[in-house]
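J.: You'll find coords19.csv just under this line, and it carries CSV, C-alpha atoms.
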```csv
chain,number,residue,atom,x,y,z
A,1248,MET,CA,23.0,16.9,5.4
A,1249,HIS,CA,25.4,17.5,2.5
A,1250,THR,CA,27.0,14.1,3.1
A,1251,PHE,CA,23.6,12.4,3.4
A,1252,LEU,CA,22.4,13.9,0.0
A,1253,LYS,CA,25.7,13.1,-1.7
A,1254,ASN,CA,25.6,9.5,-0.4
A,1255,TYR,CA,22.0,9.2,-1.7
A,1256,TYR,CA,23.0,10.6,-5.1
A,1257,ASN,CA,25.8,8.2,-5.5
A,1258,HIS,CA,23.5,5.3,-4.9
A,1259,LEU,CA,20.9,6.6,-7.2
A,1260,LYS,CA,23.4,6.6,-10.0
A,1261,LEU,CA,23.7,2.8,-9.5
A,1262,PHE,CA,20.0,2.2,-10.4
A,1263,SER,CA,19.6,0.1,-13.5
A,1264,LYS,CA,17.6,1.3,-16.5
A,1265,ASN,CA,14.9,-1.2,-15.8
A,1266,ALA,CA,14.6,0.1,-12.2
A,1267,LYS,CA,14.3,3.7,-13.4
A,1268,LEU,CA,11.6,2.8,-15.9
A,1269,PHE,CA,9.6,1.0,-13.2
A,1270,LEU,CA,9.9,4.0,-10.9
A,1271,ILE,CA,8.6,6.3,-13.7
A,1272,GLY,CA,5.6,4.0,-14.4
A,1273,GLY,CA,5.0,3.7,-10.7
A,1274,ILE,CA,4.5,7.5,-10.4
A,1275,PHE,CA,1.6,7.5,-12.9
A,1276,ASN,CA,0.2,4.4,-11.2
A,1277,GLY,CA,0.4,6.0,-7.8
A,1278,ILE,CA,-1.2,9.3,-8.9
A,1279,GLY,CA,-4.2,7.6,-10.5
A,1280,LEU,CA,-4.8,5.1,-7.8
A,1281,SER,CA,-4.5,7.7,-5.0
A,1282,VAL,CA,-7.2,9.9,-6.6
A,1283,PHE,CA,-9.3,6.8,-6.8
A,1284,SER,CA,-8.7,5.7,-3.2
A,1285,LEU,CA,-9.4,9.2,-1.9
A,1286,LEU,CA,-12.7,9.6,-3.7
A,1287,PHE,CA,-14.2,6.1,-4.0
A,1288,ASN,CA,-15.5,5.9,-0.4
A,1289,LEU,CA,-16.9,9.5,-0.7
A,1290,TYR,CA,-18.5,8.5,-4.0
A,1291,LEU,CA,-20.2,5.5,-2.4
A,1292,LYS,CA,-21.3,7.5,0.6
A,1293,GLU,CA,-22.8,10.2,-1.7
A,1294,HIS,CA,-24.7,7.5,-3.5
A,1295,GLY,CA,-26.4,6.5,-0.3
A,1296,PHE,CA,-24.3,3.5,0.8
A,1297,SER,CA,-23.7,3.1,4.5
A,1298,GLU,CA,-20.4,2.7,6.3
A,1299,SER,CA,-21.0,-1.1,6.7
A,1300,GLN,CA,-21.8,-1.5,3.0
A,1301,ILE,CA,-18.6,0.5,2.2
A,1302,GLY,CA,-16.7,-1.8,4.5
A,1303,GLN,CA,-18.1,-4.8,2.6
A,1304,VAL,CA,-16.9,-3.3,-0.7
A,1305,LEU,CA,-13.4,-2.7,0.7
A,1306,SER,CA,-13.5,-6.2,2.2
A,1307,TRP,CA,-14.3,-7.8,-1.2
A,1308,GLY,CA,-11.4,-5.9,-2.7
A,1309,SER,CA,-9.1,-7.1,0.0
A,1310,LEU,CA,-10.3,-10.7,-0.5
A,1311,GLY,CA,-9.4,-10.5,-4.1
A,1312,SER,CA,-5.9,-9.3,-3.1
A,1313,ALA,CA,-5.5,-12.1,-0.6
A,1314,LEU,CA,-6.6,-14.9,-2.9
A,1315,VAL,CA,-4.5,-13.9,-5.9
A,1316,ALA,CA,-1.3,-13.3,-4.0
A,1317,ILE,CA,0.1,-16.9,-4.1
A,1318,PRO,CA,-1.0,-17.6,-7.7
A,1319,ALA,CA,0.7,-14.3,-8.6
A,1320,ALA,CA,4.0,-15.6,-7.2
A,1321,MET,CA,3.7,-18.8,-9.2
A,1322,LEU,CA,3.0,-16.6,-12.3
A,1323,LEU,CA,6.2,-14.7,-11.6
A,1324,GLU,CA,8.2,-17.8,-11.9
A,1325,ARG,CA,7.0,-18.4,-15.4
A,1326,VAL,CA,6.1,-15.1,-17.0
A,1327,HIS,CA,8.4,-12.0,-17.5
A,1328,VAL,CA,7.6,-9.2,-15.1
A,1329,LYS,CA,7.3,-6.8,-18.0
A,1330,LYS,CA,4.2,-8.6,-19.2
A,1331,ILE,CA,2.8,-8.8,-15.7
A,1332,LEU,CA,3.1,-5.1,-15.1
A,1333,ILE,CA,1.4,-4.2,-18.4
A,1334,TYR,CA,-1.5,-6.6,-18.4
A,1335,SER,CA,-2.3,-6.5,-14.7
A,1336,THR,CA,-2.5,-2.7,-14.9
A,1337,ILE,CA,-4.8,-2.8,-18.0
A,1338,LEU,CA,-7.1,-5.4,-16.4
A,1339,ALA,CA,-7.2,-3.6,-13.1
A,1340,CYS,CA,-8.2,-0.4,-14.8
A,1341,PHE,CA,-11.0,-2.1,-16.7
A,1342,ALA,CA,-12.3,-3.6,-13.4
A,1343,TYR,CA,-12.1,-0.2,-11.6
A,1344,PHE,CA,-14.0,1.4,-14.4
A,1345,PHE,CA,-16.9,-1.1,-14.1
A,1346,SER,CA,-16.9,-0.8,-10.3
A,1347,ILE,CA,-17.9,2.8,-10.9
A,1348,PHE,CA,-20.1,2.2,-13.9
A,1349,SER,CA,-22.1,-0.4,-11.9
A,1350,LYS,CA,-24.5,1.0,-9.5
A,1351,THR,CA,-25.6,-2.3,-8.0
A,1352,LEU,CA,-23.9,-3.3,-4.7
A,1353,SER,CA,-23.3,-6.9,-5.7
A,1354,LEU,CA,-21.7,-5.9,-9.0
A,1355,ILE,CA,-19.5,-3.3,-7.2
A,1356,PHE,CA,-18.4,-6.2,-4.9
A,1357,ALA,CA,-17.4,-8.3,-7.9
A,1358,PHE,CA,-15.5,-5.7,-9.9
A,1359,MET,CA,-13.6,-4.4,-6.8
A,1360,PHE,CA,-12.7,-8.1,-6.1
A,1361,PHE,CA,-11.2,-8.4,-9.6
A,1362,ALA,CA,-9.7,-4.9,-9.6
A,1363,ASN,CA,-7.8,-5.5,-6.5
A,1364,SER,CA,-6.8,-9.0,-7.7
A,1365,PHE,CA,-5.1,-7.6,-10.8
A,1366,ILE,CA,-3.4,-4.7,-8.9
A,1367,THR,CA,-2.1,-7.2,-6.4
A,1368,VAL,CA,-0.5,-9.2,-9.2
A,1369,TYR,CA,1.3,-5.9,-10.1
A,1370,ARG,CA,2.3,-5.2,-6.5
A,1371,VAL,CA,3.5,-8.7,-5.7
A,1372,SER,CA,5.9,-8.5,-8.7
A,1373,ILE,CA,7.7,-5.3,-7.3
A,1374,ALA,CA,10.0,-6.7,-4.7
A,1375,PRO,CA,11.3,-9.7,-6.7
A,1376,PHE,CA,11.7,-7.3,-9.7
A,1377,PHE,CA,13.9,-5.0,-7.6
A,1378,MET,CA,15.9,-7.9,-6.3
A,1379,ARG,CA,16.6,-9.1,-9.8
A,1380,ASN,CA,17.5,-5.6,-11.1
A,1381,SER,CA,19.7,-4.3,-8.3
A,1382,ASN,CA,22.8,-5.1,-6.3
A,1383,LYS,CA,23.0,-5.2,-2.5
A,1384,GLU,CA,24.9,-1.9,-2.4
A,1385,GLU,CA,22.0,0.2,-3.7
A,1386,ARG,CA,19.1,-2.2,-2.9
A,1387,ILE,CA,17.8,-0.5,0.2
A,1388,TYR,CA,18.0,2.8,-1.6
A,1389,LEU,CA,16.0,1.4,-4.5
A,1390,PHE,CA,13.3,0.1,-2.1
A,1391,SER,CA,13.3,3.4,-0.3
A,1392,VAL,CA,13.1,5.6,-3.4
A,1393,ASN,CA,10.3,3.5,-4.8
A,1394,SER,CA,8.3,3.9,-1.6
A,1395,ALA,CA,9.1,7.6,-1.4
A,1396,LEU,CA,8.1,8.2,-5.0
A,1397,SER,CA,4.9,6.3,-4.3
A,1398,MET,CA,4.2,8.7,-1.5
A,1399,LEU,CA,5.0,11.7,-3.7
A,1400,SER,CA,2.7,10.4,-6.4
A,1401,GLN,CA,0.0,9.9,-3.8
A,1402,LEU,CA,0.5,13.4,-2.6
A,1403,ILE,CA,-0.1,14.7,-6.1
A,1404,GLY,CA,-3.1,12.4,-6.5
A,1405,PHE,CA,-4.6,13.5,-3.2
A,1406,VAL,CA,-4.3,17.2,-4.2
A,1407,ILE,CA,-5.8,16.5,-7.6
A,1408,GLY,CA,-8.5,14.2,-6.1
A,1409,GLY,CA,-9.4,16.7,-3.4
A,1410,TYR,CA,-10.1,19.5,-5.9
A,1411,LEU,CA,-11.2,17.6,-9.0
A,1412,PRO,CA,-14.9,17.1,-8.1
A,1413,LYS,CA,-15.3,20.8,-7.3
A,1414,ALA,CA,-13.4,21.8,-10.4
A,1415,ILE,CA,-15.8,19.6,-12.5
A,1416,MET,CA,-18.8,21.4,-10.9
A,1417,LYS,CA,-17.2,24.8,-11.2
A,1418,PHE,CA,-16.7,24.5,-14.9
A,1419,GLY,CA,-20.3,23.5,-15.4
A,1420,LEU,CA,-19.8,19.9,-16.2
A,1421,SER,CA,-22.3,19.0,-13.5
A,1422,SER,CA,-24.0,20.5,-10.5
A,1423,ASP,CA,-24.4,17.1,-8.9
A,1424,LEU,CA,-21.6,16.2,-6.5
A,1425,SER,CA,-22.2,12.5,-6.9
A,1426,PHE,CA,-21.8,12.8,-10.7
A,1427,ALA,CA,-18.7,15.0,-10.2
A,1428,TYR,CA,-17.1,12.2,-8.0
A,1429,GLU,CA,-17.9,9.7,-10.8
A,1430,VAL,CA,-16.2,11.8,-13.5
A,1431,ALA,CA,-13.2,12.3,-11.3
A,1432,LEU,CA,-12.9,8.6,-10.7
A,1433,TYR,CA,-12.9,7.9,-14.5
A,1434,ILE,CA,-10.2,10.5,-14.9
A,1435,SER,CA,-8.1,8.7,-12.2
A,1436,ILE,CA,-8.3,5.5,-14.1
A,1437,ALA,CA,-7.1,7.2,-17.3
A,1438,GLY,CA,-4.1,8.5,-15.3
A,1439,THR,CA,-3.3,5.1,-14.1
A,1440,MET,CA,-3.2,3.7,-17.6
A,1441,LEU,CA,-0.4,6.1,-18.5
A,1442,SER,CA,2.0,3.9,-16.4
A,1443,ILE,CA,1.9,1.3,-19.2
A,1444,PHE,CA,4.2,3.4,-21.5
A,1445,PRO,CA,7.3,3.2,-19.3
A,1446,PHE,CA,6.7,-0.5,-18.6
A,1447,ILE,CA,6.7,-1.3,-22.3
A,1448,SER,CA,10.4,-0.2,-22.5
A,1449,ILE,CA,11.6,-2.5,-19.7
A,1450,LYS,CA,14.0,-5.3,-20.7
A,1451,GLN,CA,13.3,-8.2,-18.4
A,1452,ALA,CA,16.2,-10.1,-16.9
A,1453,ALA,CA,16.2,-13.9,-17.0
A,1454,ILE,CA,13.8,-15.5,-14.5
A,1455,PRO,CA,15.7,-17.5,-11.8
A,1456,LYS,CA,15.3,-21.3,-12.6
A,1457,ASN,CA,15.0,-24.1,-10.1
A,1458,PRO,CA,15.3,-27.7,-11.3
A,1459,THR,CA,12.7,-29.1,-8.9
A,1460,ASN,CA,9.0,-29.3,-9.7
A,1461,MET,CA,6.6,-26.7,-8.2
A,1462,PHE,CA,5.3,-28.9,-5.3
A,1463,ALA,CA,8.7,-30.1,-4.2
A,1464,LYS,CA,10.0,-26.6,-4.3
A,1465,ILE,CA,7.2,-25.3,-2.1
A,1466,LYS,CA,7.8,-28.1,0.3
A,1467,ASN,CA,11.5,-27.2,0.5
A,1468,TYR,CA,10.9,-23.5,1.1
A,1469,ASN,CA,12.2,-22.1,4.4
A,1470,TRP,CA,8.8,-22.2,6.2
A,1471,HIS,CA,10.5,-21.4,9.5
A,1472,ILE,CA,11.4,-17.9,8.2
A,1473,ILE,CA,8.3,-17.4,6.0
A,1474,THR,CA,5.9,-18.2,8.9
A,1475,ARG,CA,7.7,-15.8,11.2
A,1476,LEU,CA,7.5,-13.1,8.6
A,1477,MET,CA,3.8,-13.7,8.0
A,1478,ILE,CA,2.6,-13.5,11.6
A,1479,PRO,CA,3.5,-9.8,12.2
A,1480,LYS,CA,2.1,-8.9,8.8
A,1481,VAL,CA,-1.2,-10.5,9.7
A,1482,LEU,CA,-1.4,-8.5,12.9
A,1483,VAL,CA,-0.6,-5.2,11.1
A,1484,GLY,CA,-3.0,-6.0,8.3
A,1485,PHE,CA,-5.8,-6.8,10.8
A,1486,GLY,CA,-5.3,-3.6,12.7
A,1487,ALA,CA,-4.9,-1.4,9.6
A,1488,GLY,CA,-8.0,-2.7,8.0
A,1489,LEU,CA,-10.1,-1.5,10.9
A,1490,VAL,CA,-9.3,2.1,10.4
A,1491,ILE,CA,-7.1,3.1,7.5
A,1492,PRO,CA,-9.7,2.5,4.7
A,1493,PHE,CA,-12.1,4.8,6.6
A,1494,MET,CA,-9.8,7.7,7.4
A,1495,ASN,CA,-11.5,9.9,4.8
A,1496,LEU,CA,-14.9,9.0,6.3
A,1497,TYR,CA,-13.4,9.7,9.8
A,1498,PHE,CA,-12.7,13.3,8.8
A,1499,LYS,CA,-16.0,13.7,7.0
A,1500,ASN,CA,-18.1,12.2,9.8
A,1501,GLU,CA,-16.3,13.4,12.9
A,1502,TYR,CA,-15.4,16.9,11.7
A,1503,ASN,CA,-17.9,17.4,8.8
A,1504,LEU,CA,-15.2,18.2,6.2
A,1505,GLU,CA,-15.4,18.2,2.4
A,1506,SER,CA,-13.3,16.3,0.0
A,1507,ASP,CA,-11.0,19.3,-0.8
A,1508,THR,CA,-10.0,19.7,2.8
A,1509,ILE,CA,-9.6,16.0,3.4
A,1510,GLY,CA,-7.4,15.9,0.2
A,1511,ILE,CA,-5.2,18.6,1.8
A,1512,PHE,CA,-4.7,16.5,4.9
A,1513,PHE,CA,-3.8,13.4,2.9
A,1514,SER,CA,-1.4,15.4,0.7
A,1515,VAL,CA,0.4,16.9,3.7
A,1516,MET,CA,0.8,13.4,5.1
A,1517,GLN,CA,2.4,12.3,1.8
A,1518,VAL,CA,5.1,15.0,2.2
A,1519,PHE,CA,6.0,13.5,5.6
A,1520,LEU,CA,5.8,9.9,4.2
A,1521,PHE,CA,8.1,10.9,1.4
A,1522,LEU,CA,10.7,12.3,3.8
A,1523,GLY,CA,10.3,9.4,6.1
A,1524,MET,CA,10.8,6.8,3.4
A,1525,MET,CA,13.8,8.6,2.0
A,1526,SER,CA,15.4,8.4,5.5
A,1527,ALA,CA,14.9,4.6,5.7
A,1528,PRO,CA,18.4,3.8,4.6
A,1529,TYR,CA,19.9,6.1,7.2
A,1530,LEU,CA,17.6,4.6,9.9
A,1531,THR,CA,18.6,1.0,9.0
A,1532,LYS,CA,22.3,1.9,9.1
A,1533,LYS,CA,21.9,3.3,12.5
A,1534,LEU,CA,19.6,0.7,14.0
A,1535,GLY,CA,19.3,-2.3,11.7
A,1536,MET,CA,16.3,-3.4,9.7
A,1537,MET,CA,14.4,-5.4,12.4
A,1538,GLN,CA,14.9,-2.7,15.1
A,1539,SER,CA,13.7,0.0,12.7
A,1540,ILE,CA,10.5,-1.9,12.0
A,1541,VAL,CA,9.8,-2.4,15.7
A,1542,LEU,CA,10.6,1.1,16.7
A,1543,THR,CA,8.4,2.8,14.0
A,1544,GLU,CA,5.4,0.5,14.9
A,1545,LEU,CA,5.7,1.3,18.6
A,1546,LEU,CA,6.1,5.0,18.1
A,1547,SER,CA,2.9,5.1,16.0
A,1548,ILE,CA,0.8,3.8,18.9
A,1549,PRO,CA,0.5,7.1,20.9
A,1550,PHE,CA,-0.8,8.9,17.8
A,1551,MET,CA,-3.5,6.2,17.5
A,1552,PHE,CA,-4.7,7.0,21.0
A,1553,ILE,CA,-4.9,10.7,20.0
A,1554,LEU,CA,-7.0,9.9,17.0
A,1555,ALA,CA,-9.3,7.8,19.1
A,1556,MET,CA,-9.8,10.3,21.9
A,1557,SER,CA,-9.3,13.8,20.5
A,1558,ARG,CA,-12.1,16.0,19.2
A,1559,TYR,CA,-9.7,18.9,18.4
A,1560,LEU,CA,-9.1,18.9,14.6
A,1561,PRO,CA,-5.5,20.3,14.5
A,1562,LEU,CA,-4.4,17.7,17.0
A,1563,ALA,CA,-6.2,14.9,15.1
A,1564,VAL,CA,-4.5,16.0,11.8
A,1565,ILE,CA,-1.1,16.0,13.5
A,1566,ALA,CA,-1.7,12.5,14.9
A,1567,PHE,CA,-3.0,11.3,11.5
A,1568,ILE,CA,0.1,12.5,9.7
A,1569,MET,CA,2.6,11.2,12.3
A,1570,ARG,CA,0.9,7.7,12.6
A,1571,GLY,CA,1.0,7.4,8.8
A,1572,THR,CA,4.6,8.6,8.6
A,1573,LEU,CA,5.9,6.1,11.2
A,1574,MET,CA,4.0,3.1,9.9
A,1575,ASN,CA,4.8,3.7,6.3
A,1576,MET,CA,8.4,4.5,7.0
A,1577,ASN,CA,9.1,0.8,7.6
A,1578,LEU,CA,7.5,-0.4,4.3
A,1579,PRO,CA,10.7,-0.3,2.2
A,1580,ILE,CA,12.6,-1.7,5.2
A,1581,SER,CA,10.3,-4.6,5.8
A,1582,SER,CA,10.1,-5.4,2.1
A,1583,ASN,CA,13.9,-5.5,1.8
A,1584,PHE,CA,14.1,-7.3,5.1
A,1585,GLU,CA,11.9,-10.1,3.9
A,1586,MET,CA,13.7,-10.5,0.5
A,1587,GLU,CA,17.1,-10.6,2.2
A,1588,LEU,CA,16.1,-13.4,4.5
A,1589,VAL,CA,15.2,-15.9,1.8
A,1590,LYS,CA,16.9,-17.4,-1.3
A,1591,PRO,CA,16.3,-15.8,-4.7
A,1592,TYR,CA,13.9,-18.5,-5.9
A,1593,GLU,CA,11.9,-18.1,-2.7
A,1594,GLN,CA,11.4,-14.4,-3.1
A,1595,PRO,CA,8.3,-14.2,-5.2
A,1596,PHE,CA,6.5,-16.8,-3.0
A,1597,THR,CA,7.6,-15.1,0.2
A,1598,ASN,CA,6.4,-11.8,-1.0
A,1599,ALA,CA,3.1,-13.4,-2.0
A,1600,ILE,CA,2.7,-15.0,1.4
A,1601,SER,CA,3.4,-11.7,3.0
A,1602,THR,CA,0.8,-10.0,0.8
A,1603,PHE,CA,-1.7,-12.9,1.5
A,1604,GLY,CA,-1.3,-12.6,5.2
A,1605,TRP,CA,-1.7,-8.8,5.2
A,1606,GLN,CA,-4.6,-8.7,2.8
A,1607,GLY,CA,-6.3,-11.7,4.3
A,1608,ALA,CA,-6.4,-10.0,7.7
A,1609,TRP,CA,-7.4,-6.7,6.1
A,1610,THR,CA,-10.3,-8.4,4.3
A,1611,PHE,CA,-11.9,-9.5,7.6
A,1612,SER,CA,-11.1,-6.3,9.5
A,1613,ALA,CA,-12.3,-3.9,6.8
A,1614,TRP,CA,-15.6,-5.7,6.8
A,1615,ALA,CA,-15.7,-5.6,10.6
A,1616,GLY,CA,-14.4,-2.0,10.7
A,1617,GLY,CA,-17.4,-0.7,8.8
A,1618,GLN,CA,-19.8,-2.6,11.1
A,1619,ILE,CA,-18.0,-1.3,14.3
A,1620,ILE,CA,-17.9,2.3,13.1
A,1621,GLU,CA,-21.6,2.3,12.2
A,1622,LYS,CA,-22.8,0.6,15.4
A,1623,TYR,CA,-20.3,2.0,17.9
A,1624,SER,CA,-17.6,4.5,17.0
A,1625,PHE,CA,-14.3,5.1,15.3
A,1626,ALA,CA,-12.6,5.1,18.7
A,1627,PHE,CA,-13.2,1.4,19.4
A,1628,SER,CA,-11.6,0.5,16.1
A,1629,PHE,CA,-8.6,2.6,16.9
A,1630,TYR,CA,-8.2,0.8,20.3
A,1631,VAL,CA,-8.2,-2.6,18.6
A,1632,THR,CA,-5.7,-1.4,16.1
A,1633,ILE,CA,-3.4,-0.3,18.9
A,1634,VAL,CA,-3.4,-3.8,20.3
A,1635,ALA,CA,-2.7,-5.3,16.9
A,1636,TYR,CA,0.2,-3.0,16.2
A,1637,PHE,CA,1.8,-3.6,19.6
A,1638,LEU,CA,1.6,-7.4,19.1
A,1639,SER,CA,3.1,-7.1,15.6
A,1640,ALA,CA,6.1,-5.1,17.0
A,1641,ALA,CA,6.5,-7.6,19.8
A,1642,THR,CA,6.5,-10.7,17.5
A,1643,TYR,CA,9.0,-9.0,15.1
A,1644,TYR,CA,11.3,-8.5,18.0
A,1645,TYR,CA,10.8,-12.0,19.5
A,1646,PHE,CA,11.2,-13.8,16.2
A,1647,PHE,CA,14.2,-12.0,14.8
A,1648,SER,CA,16.3,-10.3,17.4
A,1649,LYS,CA,17.8,-13.2,19.3
A,1650,LYS,CA,18.9,-15.1,16.2
A,1651,ARG,CA,20.3,-12.0,14.6
A,1652,LEU,CA,18.6,-12.6,11.3
A,1653,TYR,CA,18.3,-9.0,10.4
A,1654,MET,CA,20.8,-7.2,8.2
A,1655,ALA,CA,22.4,-4.3,10.1
A,1656,ASN,CA,23.4,-2.6,6.9
```
Now, as a test, write the supplied structure out as structure tokens.
T.:
Amino acid sequence: MHTFLKNYYNHLKLFSKNAKLFLIGGIFNGIGLSVFSLLFNLYLKEHGFSESQIGQVLSWGSLGSALVAIPAAMLLERVHVKKILIYSTILACFAYFFSIFSKTLSLIFAFMFFANSFITVYRVSIAPFFMRNSNKEERIYLFSVNSALSMLSQLIGFVIGGYLPKAIMKFGLSSDLSFAYEVALYISIAGTMLSIFPFISIKQAAIPKNPTNMFAKIKNYNWHIITRLMIPKVLVGFGAGLVIPFMNLYFKNEYNLESDTIGIFFSVMQVFLFLGMMSAPYLTKKLGMMQSIVLTELLSIPFMFILAMSRYLPLAVIAFIMRGTLMNMNLPISSNFEMELVKPYEQPFTNAISTFGWQGAWTFSAWAGGQIIEKYSFAFSFYVTIVAYFLSAATYYYFFSKKRLYMAN
């Protein structure tokens, strides 16, 4: 353990100032958005919207993410990431604000579409930014620390989000739970805006230039690799969209729990996610990137079965935590894996294609997930997700193991 921590510390010292500033801003961003994600479904439910309508809201948000991913990559080739981080955060916060302020379903659709579009521009910029502001020696550690801090900030956000509505009611600001949710969501947006201050201090490195025009460059991208990276992401996005956006409703509907208890479950999961993501460099050194991705996806499947079949709350909570830990453990690995397989000028576009595939699949499945849950059950959605996860792991292995395209270190 001492050697592991010392090794981690030595790599942390290699992080550039830009990378550190981004990590700080990401903490504020993560706290604010996690409060929002925990409470928004509950807020909509409290205002009388059905599971299928909530699924449509989430689907419109995912559609915005999918459609903007590729234009965002083009933007990254022409605009400094610093500006993208600042303006995408501001615009996303304004759109999230109006998604709460608006009480008409069609307006909520529209504002969630734009909110997720802007936040996707922010997220698409992360991996290329890290590649430009790190060396290979510390890169997997930077991806892992970013993901781990994201989980830590979400932990804090879920704790705050779980208790904030009741705190608002306790201090006499409102006796109406739906209004308390609304106030808490506005507070979450204000917290997200704080991320702008570290971003302002970032000094952006030069943008990699390529002499060819845009269309010729796209034609010359390594589509053999990009397509193979996209297919597993589509499968995971499809499976995840059926159940993950509804996990707070799962605990509310299946076990009749309140937001504070649900917030505790989500917070405990974040502790495990943090530990899992911090262990990603160790896992990749032992197994390699591709094998780590495949293994974590496959190991998550039994816990999906438990969530589908169990009606015993402690077992369901354990399965919820373990599934999340295993699936999120491979996020920094898969992001680094994708960036390492392509040339520097292809990285923004590859990251965008990956986001497009994942969010595009999520868009459809989130809409379908709400319909399935309302008409049938949560269990059916879990079963379909299991199939999608298995196919994703199988395609990763098939596409990348034989040609040894993964980086063992």
J.: Here is a test: counting all atoms listed in the file, which residue of A:Phe1647, A:Phe1485, A:Phe1287, A:Phe1356 is nearest to Leu1588 of chain A?
T.: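 Checking each candidate against Leu1588 of chain A, we get A:Phe1647 as the closest.
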J.: At a cut-off of 9 Å around the point (14.7, 2.0, -6.7) (file coordinates), what residues fall inside when counting all atoms listed in the file? I'd like the answer as a PyMOL selection string.
T.: chain A and resi 1259+1262-1263+1266-1267+1269-1270+1377+1381+1385-1394
J.: Would you mind listing what lies within 7 Å of segment 1594-1598 of chain A as a list in words, with all atoms listed in the file counted and same-chain residues fewer than 5 positions away left out?
T.: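 Here the qualifying residues turn out to be Ile1317, Ala1320, Leu1323, Val1371, Pro1375, Ile1473, Met1586 and Val1589 of chain A.
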J.: So how many Å separate atom CA of Thr1367 of chain A and atom CA of Leu1352 of chain A, to one decimal?
T.: 22.2 Å
J.: Identify which of the residues A:Met1416, A:Leu1268, A:Val1304, A:Met1398 lies closest to Ala1613 of chain A, counting only C-alpha atoms when measuring atom-to-atom distances.
T.: A:Val1304
J.: Counting all atoms listed in the file, which residues sit no farther than 12 Å from the position (-13.2, 17.4, -8.3) in the file's frame? I'd like them as an mmCIF file with C-alpha atoms, in the coordinates of the input.
T.:
```cif
data_model
loop_
_atom_site.group_PDB
_atom_site.id
_atom_site.type_symbol
_atom_site.label_atom_id
_atom_site.label_comp_id
_atom_site.auth_asym_id
_atom_site.auth_seq_id
_atom_site.Cartn_x
_atom_site.Cartn_y
_atom_site.Cartn_z
ATOM 1 C CA VAL A 1282 -7.200 9.900 -6.600
ATOM 2 C CA PHE A 1283 -9.300 6.800 -6.800
ATOM 3 C CA LEU A 1285 -9.400 9.200 -1.900
ATOM 4 C CA LEU A 1286 -12.700 9.600 -3.700
ATOM 5 C CA LEU A 1289 -16.900 9.500 -0.700
ATOM 6 C CA TYR A 1290 -18.500 8.500 -4.000
ATOM 7 C CA GLY A 1404 -3.100 12.400 -6.500
ATOM 8 C CA PHE A 1405 -4.600 13.500 -3.200
ATOM 9 C CA VAL A 1406 -4.300 17.200 -4.200
ATOM 10 C CA ILE A 1407 -5.800 16.500 -7.600
ATOM 11 C CA GLY A 1408 -8.500 14.200 -6.100
ATOM 12 C CA GLY A 1409 -9.400 16.700 -3.400
ATOM 13 C CA TYR A 1410 -10.100 19.500 -5.900
ATOM 14 C CA LEU A 1411 -11.200 17.600 -9.000
ATOM 15 C CA PRO A 1412 -14.900 17.100 -8.100
ATOM 16 C CA LYS A 1413 -15.300 20.800 -7.300
ATOM 17 C CA ALA A 1414 -13.400 21.800 -10.400
ATOM 18 C CA ILE A 1415 -15.800 19.600 -12.500
ATOM 19 C CA MET A 1416 -18.800 21.400 -10.900
ATOM 20 C CA LYS A 1417 -17.200 24.800 -11.200
ATOM 21 C CA PHE A 1418 -16.700 24.500 -14.900
ATOM 22 C CA GLY A 1419 -20.300 23.500 -15.400
ATOM 23 C CA LEU A 1420 -19.800 19.900 -16.200
ATOM 24 C CA SER A 1421 -22.300 19.000 -13.500
ATOM 25 C CA SER A 1422 -24.000 20.500 -10.500
ATOM 26 C CA ASP A 1423 -24.400 17.100 -8.900
ATOM 27 C CA LEU A 1424 -21.600 16.200 -6.500
ATOM 28 C CA SER A 1425 -22.200 12.500 -6.900
ATOM 29 C CA PHE A 1426 -21.800 12.800 -10.700
ATOM 30 C CA ALA A 1427 -18.700 15.000 -10.200
ATOM 31 C CA TYR A 1428 -17.100 12.200 -8.000
ATOM 32 C CA GLU A 1429 -17.900 9.700 -10.800
ATOM 33 C CA VAL A 1430 -16.200 11.800 -13.500
ATOM 34 C CA ALA A 1431 -13.200 12.300 -11.300
ATOM 35 C CA LEU A 1432 -12.900 8.600 -10.700
ATOM 36 C CA TYR A 1433 -12.900 7.900 -14.500
ATOM 37 C CA ILE A 1434 -10.200 10.500 -14.900
ATOM 38 C CA SER A 1435 -8.100 8.700 -12.200
ATOM 39 C CA GLU A 1505 -15.400 18.200 2.400
ATOM 40 C CA SER A 1506 -13.300 16.300 0.000
ATOM 41 C CA ASP A 1507 -11.000 19.300 -0.800
ATOM 42 C CA THR A 1508 -10.000 19.700 2.800
ATOM 43 C CA GLY A 1510 -7.400 15.900 0.200
#
```
J.: Could you tell me how far atom CA of Glu1587 of chain A lies from atom CA of Leu1280 of chain A, in Å and to one decimal?
T.: 28.7 Å
J.: May I ask which of the residues A:Met1494, A:Ala1342, A:Leu1476, A:Leu1322 is the closest one to Ser1284 of chain A, counting only C-alpha atoms?
T.: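 When distances to Ser1284 of chain A are compared using only C-alpha atoms, the smallest one comes from A:Met1494.
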J.: For Ile1472 of chain A, which of A:Met1556, A:Ile1600, A:Val1564, A:Met1516 is the closest residue, counting all atoms listed in the file?
T.: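 Nearest to Ile1472 of chain A: A:Ile1600.
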J.: Tell me, as a CSV table (one decimal) with C-alpha atoms, in the frame of the given file, which residues lie within 8 Å of Trp1605 of chain A, counting all atoms listed in the file; anything in the same chain fewer than 4 positions away does not count.
T.:
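So the final result, stored in part13.csv, reads:
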```csv
chain,number,residue,atom,x,y,z
A,1313,ALA,CA,-5.5,-12.1,-0.6
A,1477,MET,CA,3.8,-13.7,8.0
A,1480,LYS,CA,2.1,-8.9,8.8
A,1481,VAL,CA,-1.2,-10.5,9.7
A,1482,LEU,CA,-1.4,-8.5,12.9
A,1483,VAL,CA,-0.6,-5.2,11.1
A,1484,GLY,CA,-3.0,-6.0,8.3
A,1485,PHE,CA,-5.8,-6.8,10.8
A,1601,SER,CA,3.4,-11.7,3.0
A,1609,TRP,CA,-7.4,-6.7,6.1
```
